[in-house]
$ cat input-v1.txt   # compact mmCIF, C-alpha atoms and all ligand atoms
# COMPACT_ATOMS: atom_id res chain seq x y z
CA MET A 1 42.64 15.73 15.73
CA SER A 2 44.30 14.81 12.52
CA ALA A 3 46.69 12.24 13.89
CA PHE A 4 44.94 9.28 12.35
CA VAL A 5 45.06 9.96 8.71
CA ASP A 6 46.26 7.04 6.72
CA HIS A 7 47.97 8.19 3.57
CA ALA A 8 49.50 6.78 0.41
CA GLN A 9 50.78 8.25 -2.81
CA ILE A 10 50.43 6.18 -5.95
CA GLU A 11 50.70 6.57 -9.69
CA VAL A 12 48.12 5.20 -12.08
CA HIS A 13 48.54 4.62 -15.80
CA SER A 14 45.75 3.85 -18.20
CA GLY A 15 46.53 1.71 -21.22
CA LYS A 16 47.54 2.93 -24.68
CA GLY A 17 45.15 2.34 -27.53
CA GLY A 18 46.29 -0.28 -30.04
CA ALA A 19 47.34 0.93 -33.51
CA GLY A 20 45.04 0.62 -36.47
CA CYS A 21 46.29 -1.80 -39.11
CA VAL A 22 47.27 -1.25 -42.74
CA SER A 23 46.36 -4.27 -44.75
CA PHE A 24 44.82 -5.19 -48.11
CA ARG A 25 42.69 -8.14 -49.00
CA ARG A 26 44.71 -10.80 -50.76
CA GLU A 27 42.53 -13.50 -52.16
CA LYS A 28 43.31 -15.86 -54.93
CA TYR A 29 40.80 -14.60 -57.48
CA VAL A 30 40.47 -11.03 -56.23
CA PRO A 31 43.31 -9.01 -57.60
CA ARG A 32 43.86 -5.66 -55.96
CA GLY A 33 41.59 -6.33 -52.99
CA GLY A 34 40.48 -3.33 -50.95
CA PRO A 35 41.90 -2.22 -47.59
CA ASP A 36 40.97 -4.50 -44.67
CA GLY A 37 43.12 -3.25 -41.75
CA GLY A 38 41.16 -3.53 -38.48
CA ASP A 39 41.01 -1.03 -35.59
CA GLY A 40 43.24 -1.18 -32.56
CA GLY A 41 41.75 -2.13 -29.17
CA ARG A 42 41.03 0.42 -26.45
CA GLY A 43 43.49 0.81 -23.59
CA GLY A 44 42.32 -0.27 -20.13
CA ASP A 45 41.02 2.14 -17.47
CA VAL A 46 42.07 2.50 -13.86
CA VAL A 47 39.07 2.29 -11.56
CA PHE A 48 38.80 2.71 -7.78
CA ARG A 49 36.14 0.95 -5.80
CA ALA A 50 35.21 1.25 -2.12
CA SER A 51 35.01 -2.00 -0.25
CA THR A 52 34.33 -2.92 3.36
CA HIS A 53 36.88 -5.71 3.02
CA HIS A 54 39.63 -3.14 3.05
CA ARG A 55 40.22 -1.14 6.17
CA THR A 56 43.44 0.72 5.55
CA LEU A 57 45.71 2.02 2.82
CA LEU A 58 48.64 -0.03 4.06
CA ASP A 59 48.89 -2.10 0.87
CA TYR A 60 49.45 1.05 -1.18
CA ARG A 61 52.55 1.96 0.76
CA TYR A 62 54.14 -1.09 -0.88
CA GLN A 63 52.57 -1.24 -4.29
CA THR A 64 52.55 2.29 -5.62
CA ALA A 65 52.26 1.97 -9.41
CA PHE A 66 49.28 0.58 -11.29
CA HIS A 67 49.20 -0.03 -15.03
CA ALA A 68 46.12 -0.93 -17.01
CA GLY A 69 46.72 -3.03 -20.12
CA ASN A 70 47.43 -1.63 -23.58
CA GLY A 71 45.03 -2.25 -26.44
CA ARG A 72 46.32 -4.70 -29.04
CA PRO A 73 46.83 -3.53 -32.64
CA GLY A 74 44.22 -4.33 -35.24
CA SER A 75 45.06 -6.83 -37.93
CA GLY A 76 44.14 -7.79 -41.45
CA ASN A 77 40.76 -9.13 -42.49
CA ASN A 78 39.17 -6.28 -40.46
CA ARG A 79 40.08 -7.90 -37.17
CA HIS A 80 39.70 -5.59 -34.19
CA GLY A 81 42.57 -5.62 -31.67
CA LYS A 82 41.76 -6.84 -28.17
CA ASN A 83 40.95 -4.18 -25.56
CA GLY A 84 43.43 -3.61 -22.73
CA ARG A 85 42.71 -4.99 -19.29
CA HIS A 86 41.14 -2.59 -16.76
CA VAL A 87 42.70 -2.29 -13.33
CA MET A 88 40.42 -2.13 -10.32
CA ILE A 89 41.93 -0.79 -7.10
CA PRO A 90 39.95 -1.59 -3.95
CA VAL A 91 40.06 1.03 -1.19
CA PRO A 92 38.43 1.36 2.22
CA ARG A 93 35.23 3.34 2.51
CA GLY A 94 35.95 6.96 3.29
CA THR A 95 38.97 7.17 1.01
CA LEU A 96 39.58 10.53 -0.62
CA ILE A 97 41.22 10.35 -4.03
CA ILE A 98 43.17 13.54 -4.70
CA ASN A 99 45.10 14.70 -7.73
CA ALA A 100 48.56 15.04 -6.20
CA GLU A 101 49.62 17.83 -8.55
CA THR A 102 46.59 20.13 -8.23
CA GLN A 103 45.31 18.85 -4.85
CA GLU A 104 41.86 18.70 -6.42
CA ILE A 105 39.59 16.09 -4.84
CA ILE A 106 38.58 13.65 -7.54
CA ALA A 107 36.35 11.43 -5.45
CA ASP A 108 35.24 10.63 -1.94
CA LEU A 109 34.22 7.00 -1.97
CA MET A 110 31.84 6.50 0.93
CA GLU A 111 29.62 3.56 0.11
CA HIS A 112 30.58 -0.05 -0.32
CA GLY A 113 30.67 -0.80 -4.03
CA GLN A 114 30.89 2.83 -5.14
CA SER A 115 33.44 3.23 -7.91
CA ILE A 116 35.06 5.83 -10.10
CA THR A 117 37.20 5.71 -13.22
CA VAL A 118 40.16 7.99 -12.65
CA VAL A 119 42.11 7.59 -15.89
CA THR A 120 40.58 6.18 -19.06
CA GLY A 121 42.42 4.14 -21.62
CA GLY A 122 43.43 5.60 -25.00
CA ARG A 123 41.17 4.98 -28.00
CA GLY A 124 42.32 2.38 -30.47
CA GLY A 125 43.50 3.74 -33.86
CA LYS A 126 41.30 3.21 -36.90
CA GLY A 127 42.48 0.66 -39.42
CA ASN A 128 43.00 1.62 -43.05
CA ALA A 129 39.63 0.08 -43.96
CA HIS A 130 38.08 3.30 -42.59
CA PHE A 131 40.00 5.55 -44.95
CA LYS A 132 38.90 4.20 -48.28
CA THR A 133 37.11 6.83 -50.36
CA ALA A 134 35.88 6.97 -53.95
CA THR A 135 39.04 8.74 -55.02
CA HIS A 136 41.39 6.97 -52.67
CA GLN A 137 40.95 3.23 -52.98
CA THR A 138 44.20 2.14 -51.41
CA PRO A 139 44.93 4.10 -48.25
CA ARG A 140 48.37 3.06 -47.04
CA PHE A 141 47.96 4.58 -43.63
CA ALA A 142 46.09 3.92 -40.43
CA GLN A 143 45.61 5.82 -37.20
CA PRO A 144 47.98 5.22 -34.30
CA GLY A 145 46.41 4.37 -30.94
CA GLU A 146 45.81 7.20 -28.51
CA ALA A 147 48.26 7.46 -25.62
CA GLY A 148 47.21 6.40 -22.11
CA GLN A 149 47.08 8.85 -19.22
CA THR A 150 49.25 9.00 -16.14
CA MET A 151 48.23 10.60 -12.90
CA LYS A 152 49.83 10.94 -9.48
CA LEU A 153 47.30 10.51 -6.71
CA ASP A 154 47.18 11.09 -3.01
CA LEU A 155 44.94 8.66 -1.20
CA GLU A 156 43.74 9.78 2.20
CA LEU A 157 41.72 7.93 4.74
CA LYS A 158 40.56 8.96 8.14
CA LEU A 159 41.12 5.83 10.14
CA ILE A 160 38.13 4.64 12.04
CA ALA A 161 38.92 2.17 14.78
CA ASP A 162 37.17 -1.18 14.69
CA VAL A 163 38.27 -2.20 18.16
CA GLY A 164 38.76 0.00 21.22
CA LEU A 165 40.83 -0.97 24.25
CA VAL A 166 39.59 0.44 27.53
CA GLY A 167 41.20 -0.04 30.91
CA PHE A 168 42.70 1.56 33.97
CA PRO A 169 46.04 3.32 33.50
CA ASN A 170 48.89 0.81 33.33
CA ALA A 171 46.61 -2.08 32.34
CA GLY A 172 48.86 -3.00 29.43
CA LYS A 173 46.82 -1.51 26.58
CA SER A 174 49.72 0.04 24.70
CA THR A 175 51.83 -3.08 25.17
CA LEU A 176 49.13 -5.21 23.57
CA VAL A 177 48.73 -2.77 20.67
CA SER A 178 52.48 -2.77 20.10
CA THR A 179 52.66 -6.58 19.95
CA VAL A 180 49.76 -7.15 17.56
CA SER A 181 49.84 -4.11 15.26
CA ASN A 182 52.17 -1.80 13.39
CA ALA A 183 51.81 0.92 16.05
CA ARG A 184 54.74 1.58 18.40
CA PRO A 185 53.27 3.55 21.29
CA LYS A 186 55.26 4.58 24.32
CA ILE A 187 55.10 2.03 27.12
CA ALA A 188 56.14 2.68 30.71
CA ASP A 189 55.55 1.56 34.22
CA TYR A 190 53.52 4.56 35.37
CA PRO A 191 49.90 5.61 34.89
CA PHE A 192 48.93 7.88 32.01
CA THR A 193 51.84 7.02 29.78
CA THR A 194 49.51 7.29 26.82
CA LEU A 195 48.41 10.90 26.41
CA ILE A 196 46.73 10.69 23.04
CA PRO A 197 45.21 7.62 21.42
CA ASN A 198 47.27 5.28 19.27
CA LEU A 199 45.76 3.53 16.34
CA GLY A 200 47.37 0.37 15.10
CA VAL A 201 46.59 -1.71 12.05
CA VAL A 202 46.36 -5.44 12.73
CA LYS A 203 47.17 -7.35 9.57
CA ARG A 204 45.97 -10.94 9.56
CA ALA A 205 47.28 -13.97 7.69
CA SER A 206 43.93 -14.07 5.88
CA ASP A 207 44.91 -10.69 4.40
CA ARG A 208 42.13 -9.05 6.35
CA GLU A 209 43.03 -6.15 8.55
CA PHE A 210 41.40 -4.11 11.23
CA VAL A 211 42.22 -1.05 13.29
CA ILE A 212 42.72 -1.21 17.02
CA ALA A 213 42.66 1.91 19.23
CA ASP A 214 44.57 2.27 22.46
CA ILE A 215 43.21 5.19 24.44
CA PRO A 216 44.49 6.81 27.62
CA GLY A 217 43.57 5.09 30.87
CA ILE A 218 40.09 5.46 32.32
CA ILE A 219 39.64 6.15 36.01
CA GLU A 220 36.62 6.69 38.20
CA GLY A 221 35.10 10.01 37.16
CA SER A 222 36.60 9.99 33.66
CA HIS A 223 33.19 10.57 32.14
CA ASP A 224 33.06 14.01 33.68
CA GLY A 225 36.55 15.02 32.88
CA LYS A 226 38.75 13.39 35.51
CA GLY A 227 42.07 12.19 34.15
CA LEU A 228 42.41 12.08 30.40
CA GLY A 229 40.20 9.32 29.16
CA ASP A 230 37.02 11.28 28.51
CA GLN A 231 38.52 13.45 25.78
CA PHE A 232 39.23 10.31 23.92
CA LEU A 233 36.20 8.17 24.49
CA ARG A 234 34.77 9.71 21.33
CA HIS A 235 37.39 7.82 19.38
CA ILE A 236 35.77 4.58 20.36
CA GLU A 237 32.18 5.72 19.94
CA ARG A 238 32.06 4.21 16.50
CA THR A 239 34.07 1.05 17.07
CA ALA A 240 32.33 -2.25 16.54
CA VAL A 241 33.93 -3.79 19.60
CA ILE A 242 35.24 -2.58 22.94
CA LEU A 243 37.49 -4.76 25.09
CA LEU A 244 38.05 -4.14 28.79
CA LEU A 245 41.67 -4.74 29.72
CA VAL A 246 42.26 -5.63 33.35
CA ASP A 247 45.67 -6.12 34.96
CA VAL A 248 45.56 -9.28 37.10
CA SER A 249 49.23 -9.42 38.03
CA ASP A 250 50.18 -9.52 41.70
CA MET A 251 51.05 -5.83 41.59
CA ALA A 252 47.76 -4.79 40.02
CA ASP A 253 46.39 -1.62 41.47
CA PRO A 254 43.52 -0.97 41.88
CA ASP A 255 42.23 -4.44 42.64
CA PRO A 256 41.24 -6.10 39.35
CA THR A 257 37.87 -7.13 40.73
CA THR A 258 36.79 -3.47 40.81
CA ALA A 259 37.53 -2.90 37.13
CA VAL A 260 34.57 -4.33 35.22
CA PRO A 261 31.72 -2.55 37.05
CA LEU A 262 33.69 0.69 37.23
CA LEU A 263 34.71 0.75 33.56
CA MET A 264 31.25 -0.23 32.37
CA ASN A 265 29.76 2.53 34.44
CA GLU A 266 32.20 5.15 33.10
CA LEU A 267 31.37 4.21 29.51
CA LYS A 268 27.65 4.23 30.17
CA LYS A 269 27.83 7.63 31.82
CA TYR A 270 29.88 9.05 29.00
CA LYS A 271 27.34 7.91 26.50
CA ASP A 272 24.33 5.76 27.03
CA SER A 273 24.56 2.40 25.27
CA LEU A 274 28.32 2.71 24.73
CA GLU A 275 28.75 -0.05 27.32
CA LEU A 276 26.79 -2.33 24.98
CA ARG A 277 29.77 -2.37 22.63
CA ILE A 278 31.83 -4.18 25.24
CA THR A 279 32.12 -7.78 24.13
CA ALA A 280 34.95 -9.17 26.23
CA VAL A 281 37.16 -8.81 29.25
CA VAL A 282 40.87 -9.40 28.74
CA ALA A 283 42.88 -10.23 31.87
CA THR A 284 46.42 -9.00 31.25
CA LYS A 285 49.91 -9.72 32.57
CA ILE A 286 49.14 -13.30 33.60
CA ASP A 287 52.87 -14.03 33.40
CA ALA A 288 53.19 -11.87 36.50
CA MET A 289 50.39 -13.50 38.48
CA THR A 290 51.32 -16.06 41.15
CA SER A 291 49.04 -18.67 42.67
CA ASP A 292 48.37 -16.41 45.67
CA TYR A 293 46.39 -14.13 43.40
CA THR A 294 44.44 -16.52 41.19
CA HIS A 295 41.29 -15.92 43.24
CA ARG A 296 41.13 -12.39 41.79
CA LEU A 297 41.22 -13.81 38.29
CA GLU A 298 38.48 -16.28 39.25
CA THR A 299 36.27 -13.44 40.46
CA LEU A 300 36.96 -11.46 37.30
CA ARG A 301 35.94 -14.45 35.19
CA HIS A 302 32.65 -14.74 37.06
CA GLN A 303 32.00 -11.04 36.65
CA ALA A 304 32.56 -11.30 32.91
CA GLU A 305 30.30 -14.31 32.65
CA ALA A 306 27.56 -12.64 34.67
CA ALA A 307 27.72 -9.65 32.33
CA GLY A 308 27.50 -11.90 29.28
CA LEU A 309 31.04 -11.11 28.16
CA ALA A 310 33.76 -13.37 26.80
CA CYS A 311 36.88 -13.61 28.95
CA PHE A 312 40.49 -14.04 27.84
CA GLU A 313 43.70 -14.30 29.82
CA ILE A 314 46.78 -12.97 28.12
CA SER A 315 50.33 -11.89 28.52
CA ALA A 316 51.44 -9.39 25.94
CA VAL A 317 55.01 -9.88 27.10
CA THR A 318 55.13 -13.64 26.49
CA GLN A 319 52.41 -13.33 23.81
CA ARG A 320 50.39 -16.01 25.53
CA ASN A 321 46.85 -16.12 24.04
CA THR A 322 47.26 -12.86 22.15
CA GLU A 323 46.73 -14.69 18.86
CA ILE A 324 43.48 -16.15 20.19
CA VAL A 325 42.22 -12.67 21.03
CA MET A 326 43.15 -11.44 17.54
CA GLN A 327 41.28 -14.37 15.96
CA TYR A 328 38.28 -13.51 18.06
CA LEU A 329 38.45 -9.85 16.97
CA GLU A 330 38.91 -10.77 13.34
CA ARG A 331 35.78 -12.89 13.48
CA ILE A 332 33.64 -10.14 15.00
CA VAL A 333 34.98 -7.31 12.86
CA CYS A 334 34.60 -9.29 9.65
CA LYS A 335 31.11 -10.32 10.62
CA THR A 336 30.26 -6.63 10.95
CA SER A 337 31.65 -5.96 7.47
CA ALA A 338 29.61 -8.83 6.06
CA GLU A 339 26.52 -7.17 7.53
CA ASP A 340 27.55 -3.91 5.83
CA ASP A 341 27.72 -5.82 2.55
CA ALA A 342 24.24 -7.20 3.05
CA ASP A 343 23.05 -3.65 3.79
CA SER A 344 24.44 -2.21 0.62
CA ILE A 345 23.00 -5.04 -1.46
CA GLU A 346 19.59 -4.38 0.03
CA ARG A 347 19.80 -0.69 -0.66
CA ALA A 348 21.10 -1.14 -4.21
N1 LIG B 1 54.75 -8.68 33.16
C1 LIG B 1 54.05 -8.02 32.25
N2 LIG B 1 54.10 -6.67 32.20
C2 LIG B 1 53.37 -6.04 31.25
C3 LIG B 1 52.56 -6.75 30.32
N3 LIG B 1 51.95 -5.84 29.53
C4 LIG B 1 52.36 -4.63 29.94
N4 LIG B 1 53.22 -4.74 30.98
C5 LIG B 1 53.90 -3.63 31.68
O1 LIG B 1 52.94 -2.81 32.30
C6 LIG B 1 53.34 -1.44 32.27
C7 LIG B 1 52.25 -0.60 31.64
O2 LIG B 1 52.08 -0.99 30.28
P1 LIG B 1 51.42 -0.05 29.21
O3 LIG B 1 51.22 -0.88 27.99
O4 LIG B 1 52.17 1.22 29.07
O5 LIG B 1 50.02 0.20 29.90
P2 LIG B 1 48.83 1.16 29.39
O6 LIG B 1 47.56 0.48 29.74
O7 LIG B 1 49.01 1.56 28.00
O8 LIG B 1 49.03 2.39 30.38
P3 LIG B 1 48.55 3.93 30.19
O9 LIG B 1 48.97 4.38 28.85
O10 LIG B 1 49.27 4.66 31.26
O11 LIG B 1 47.09 3.95 30.40
C8 LIG B 1 54.64 -1.42 31.49
O12 LIG B 1 55.71 -1.40 32.41
C9 LIG B 1 54.63 -2.72 30.73
O13 LIG B 1 55.93 -3.20 30.44
C10 LIG B 1 52.53 -8.19 30.41
O14 LIG B 1 51.88 -8.90 29.64
N5 LIG B 1 53.30 -8.75 31.39
MG MG B 2 49.32 3.34 27.18
$ encode --input "input-v1.txt" --output "structure tokens"
Amino acid sequence: MSAFVDHAQIEVHSGKGGAGCVSFRREKYVPRGGPDGGDGGRGGDVVFRASTHHRTLLDYRYQTAFHAGNGRPGSGNNRHGKNGRHVMIPVPRGTLIINAETQEIIADLMEHGQSITVVTGGRGGKGNAHFKTATHQTPRFAQPGEAGQTMKLDLELKLIADVGLVGFPNAGKSTLVSTVSNARPKIADYPFTTLIPNLGVVKRASDREFVIADIPGIIEGSHDGKGLGDQFLRHIERTAVILLLVDVSDMADPDPTTAVPLLMNELKKYKDSLELRITAVVATKIDAMTSDYTHRLETLRHQAEAAGLACFEISAVTQRNTEIVMQYLERIVCKTSAEDDADSIERA
């Protein structure tokens, strides 16, 4: 399935080299001083680096041009021009960098910290001091700086979900994804509205972001092919966190108190230890729960507690507590990335 490729097209420019300088020594008691024009500085490079702090290519839909700095010209007294500033572009791990014109793959940055220079800055021109020879004592020329390079690039990333939402059909998974992320899945009041998974990017005020996956509803027997869910469980095999979404509204069907054991069992049967990724239960649609039905929510809370899971109560429609759940997810997902960092430092 290629539906989850995140893509951006950008243009990168390395810096021009600074011009060499034409200059002659002028000192009070040294008539006809020799040439002393310094070299120009090197232009800056454009470098890509993989980082676990970046999860998507979303930023590069907005900023699409990157310019490294130009080298400064040399000056008299053999002064070298300053080198241009390099530009470092952070990308998520798993980003393919492709030459947009030839479609050649330039790099596949897999490991945190791995980097590649895609366009290098132009060399600085030599100052006239370099061109003095026995027969030519006063060169009145210097080298210009070398031009920078420009390249159009396609960036491609296979999105890997950080958070998976699992629940019965109609539990409100797509609605939650649509309120917290950039995804706009179809939402409707019948089971199996979602036929293929939706991935949404949740962008946080801290500038961190993570990917949330809404998969089709799970029913009893999903693990051996009933319904739709099993084809898609593989999309959440690699997520750091799985949330169980349970409708607790008055209309909820089946009874919300059956959800946790049943969903845990389906995950476990699909793949052993997958149920260990479940970290929390999220009771949904609390805006549509009246006091006659609070006992079901109470039971659900106890079930979550007994299973060692956190428990949240939300309404995606009124957005009650959705921010709290996102804060919770941000904390866990970012903790996982910090562990990745520690890993790569150890291995380095
Ligand atoms: N009152 C209320 N209704 C909600 C809430 N969240 C979702 N719904 C409604 O519940 C129905 C199902 O929502 P979806 O988000 O499509 O549910 P889903 O879990 O993605 O369903 P499937 O894709 O079929 O598995 C829709 O009619 C939604 O409008 C909520 O917080 N409050
Ligand atoms: Mg849905």
$ residues_near_point --input "input-v1.txt" --point "(47.4, -13.2, 35.3)" --cutoff "9 Å" --atoms "all atoms listed in the file" --output "NGL selection string"
:A and (247-250 or 283-290 or 293-294 or 297 or 313-315)
$ closest_residue --input "input-v1.txt" --among "A:Ala68, A:Leu153, A:Ala306, A:Ala188" --to "ligand LIG 1 (chain B)" --atoms "all atoms listed in the file"
A:Ala188
$ closest_atom_pairs --input "input-v1.txt" --of "chain A" --to "ligand LIG 1 (chain B)" --cutoff "6 Å" --atoms "only C-alpha atoms and all ligand atoms" --output "JSON lines"
{"residue": "A:Pro169", "atom": "CA", "partner": "B:LIG1", "partner_atom": "O11", "distance": 3.3}
{"residue": "A:Asn170", "atom": "CA", "partner": "B:LIG1", "partner_atom": "O8", "distance": 3.3}
{"residue": "A:Ala171", "atom": "CA", "partner": "B:LIG1", "partner_atom": "O6", "distance": 3.8}
{"residue": "A:Gly172", "atom": "CA", "partner": "B:LIG1", "partner_atom": "O5", "distance": 3.4}
{"residue": "A:Lys173", "atom": "CA", "partner": "B:LIG1", "partner_atom": "O6", "distance": 3.8}
{"residue": "A:Ser174", "atom": "CA", "partner": "B:LIG1", "partner_atom": "O7", "distance": 3.7}
{"residue": "A:Thr175", "atom": "CA", "partner": "B:LIG1", "partner_atom": "O3", "distance": 3.6}
{"residue": "A:Ile187", "atom": "CA", "partner": "B:LIG1", "partner_atom": "O4", "distance": 3.6}
{"residue": "A:Ala188", "atom": "CA", "partner": "B:LIG1", "partner_atom": "C8", "distance": 4.4}
{"residue": "A:Asp189", "atom": "CA", "partner": "B:LIG1", "partner_atom": "O12", "distance": 3.5}
{"residue": "A:Tyr190", "atom": "CA", "partner": "B:LIG1", "partner_atom": "O10", "distance": 5.9}
{"residue": "A:Pro191", "atom": "CA", "partner": "B:LIG1", "partner_atom": "O10", "distance": 3.8}
{"residue": "A:Phe192", "atom": "CA", "partner": "B:LIG1", "partner_atom": "O10", "distance": 3.3}
{"residue": "A:Thr193", "atom": "CA", "partner": "B:LIG1", "partner_atom": "O10", "distance": 3.8}
{"residue": "A:Thr194", "atom": "CA", "partner": "B:LIG1", "partner_atom": "O9", "distance": 3.6}
{"residue": "A:Pro216", "atom": "CA", "partner": "B:LIG1", "partner_atom": "O11", "distance": 4.8}
{"residue": "A:Gly217", "atom": "CA", "partner": "B:LIG1", "partner_atom": "O11", "distance": 3.7}
{"residue": "A:Thr284", "atom": "CA", "partner": "B:LIG1", "partner_atom": "O14", "distance": 5.7}
{"residue": "A:Lys285", "atom": "CA", "partner": "B:LIG1", "partner_atom": "O14", "distance": 3.6}
{"residue": "A:Asp287", "atom": "CA", "partner": "B:LIG1", "partner_atom": "N5", "distance": 5.7}
{"residue": "A:Ala288", "atom": "CA", "partner": "B:LIG1", "partner_atom": "N1", "distance": 4.9}
{"residue": "A:Ser315", "atom": "CA", "partner": "B:LIG1", "partner_atom": "O14", "distance": 3.5}
{"residue": "A:Ala316", "atom": "CA", "partner": "B:LIG1", "partner_atom": "O14", "distance": 3.8}
{"residue": "A:Val317", "atom": "CA", "partner": "B:LIG1", "partner_atom": "O14", "distance": 4.1}
$ atom_distance --input "input-v1.txt" --atom1 "CA of Asp207 (chain A)" --atom2 "CA of Pro92 (chain A)"
13.9 Å
$ residues_around --input "input-v1.txt" --residues "region 221-223 of chain A" --least-positions-apart "3" --cutoff "12 Å" --atoms "only C-alpha atoms" --output "list in words"
Val166, Gly167, Phe168, Pro169, Pro216, Gly217, Ile218, Lys226, Gly227, Leu228, Gly229, Asp230, Gln231, Phe232, Leu233, Arg234, Leu262, Leu263, Met264, Asn265, Glu266, Leu267, Lys268, Lys269, Tyr270, Lys271, Asp272 and Leu274 of chain A
$ atom_distance --input "input-v1.txt" --atom1 "CA of Ala129 (chain A)" --atom2 "CA of Gly34 (chain A)"
7.8 Å
$ closest_residue --input "input-v1.txt" --among "A:Cys311, A:Ala304, A:Val211, A:Val333" --to "Val241 (chain A)" --atoms "all atoms listed in the file"
A:Val333
$ axis_aligned_box --input "input-v1.txt" --around "region 46-63 of chain A" --padding-each-side "6 Å" --output "lines of an AutoDock Vina configuration file"
center_x = 44.2
center_y = -1.5
center_z = -3.8
size_x = 31.8
size_y = 20.4
size_z = 32.0
$ closest_residue --input "input-v1.txt" --among "A:Ile106, A:Leu165, A:Ile97, A:Ala142" --to "Asp39 (chain A)" --atoms "all atoms listed in the file"
A:Ala142
$ atom_distance --input "input-v1.txt" --atom1 "CA of Ser75 (chain A)" --atom2 "CA of Gly37 (chain A)"
5.6 Å
$ residues_around --input "input-v1.txt" --residues "region 8-25 of chain A" --least-positions-apart "6" --cutoff "7 Å" --atoms "all atoms listed in the file" --output "NGL selection string"
:A and (33-46 or 57 or 60-61 or 64-77 or 81 or 84 or 119-128 or 140-156)
$ closest_residue --input "input-v1.txt" --among "A:Met88, A:Ile105, A:Val177, A:Ile98" --to "ligand MG 2 (chain B)" --atoms "all atoms listed in the file"
A:Val177
$ closest_residue --input "input-v1.txt" --among "A:Asp292, A:Glu330, A:Asp214, A:Asp224" --to "ligand MG 2 (chain B)" --atoms "all atoms listed in the file"
A:Asp214
$ closest_residue --input "input-v1.txt" --among "A:Val91, A:Val163, A:Ile116, A:Leu245" --to "ligand MG 2 (chain B)" --atoms "all atoms listed in the file"
A:Leu245
$ residues_around --input "input-v1.txt" --residues "Arg296 (chain A)" --least-positions-apart "3" --cutoff "7 Å" --atoms "all atoms listed in the file" --output "PyMOL selection string"
chain A and resi 256-257+293+299-300
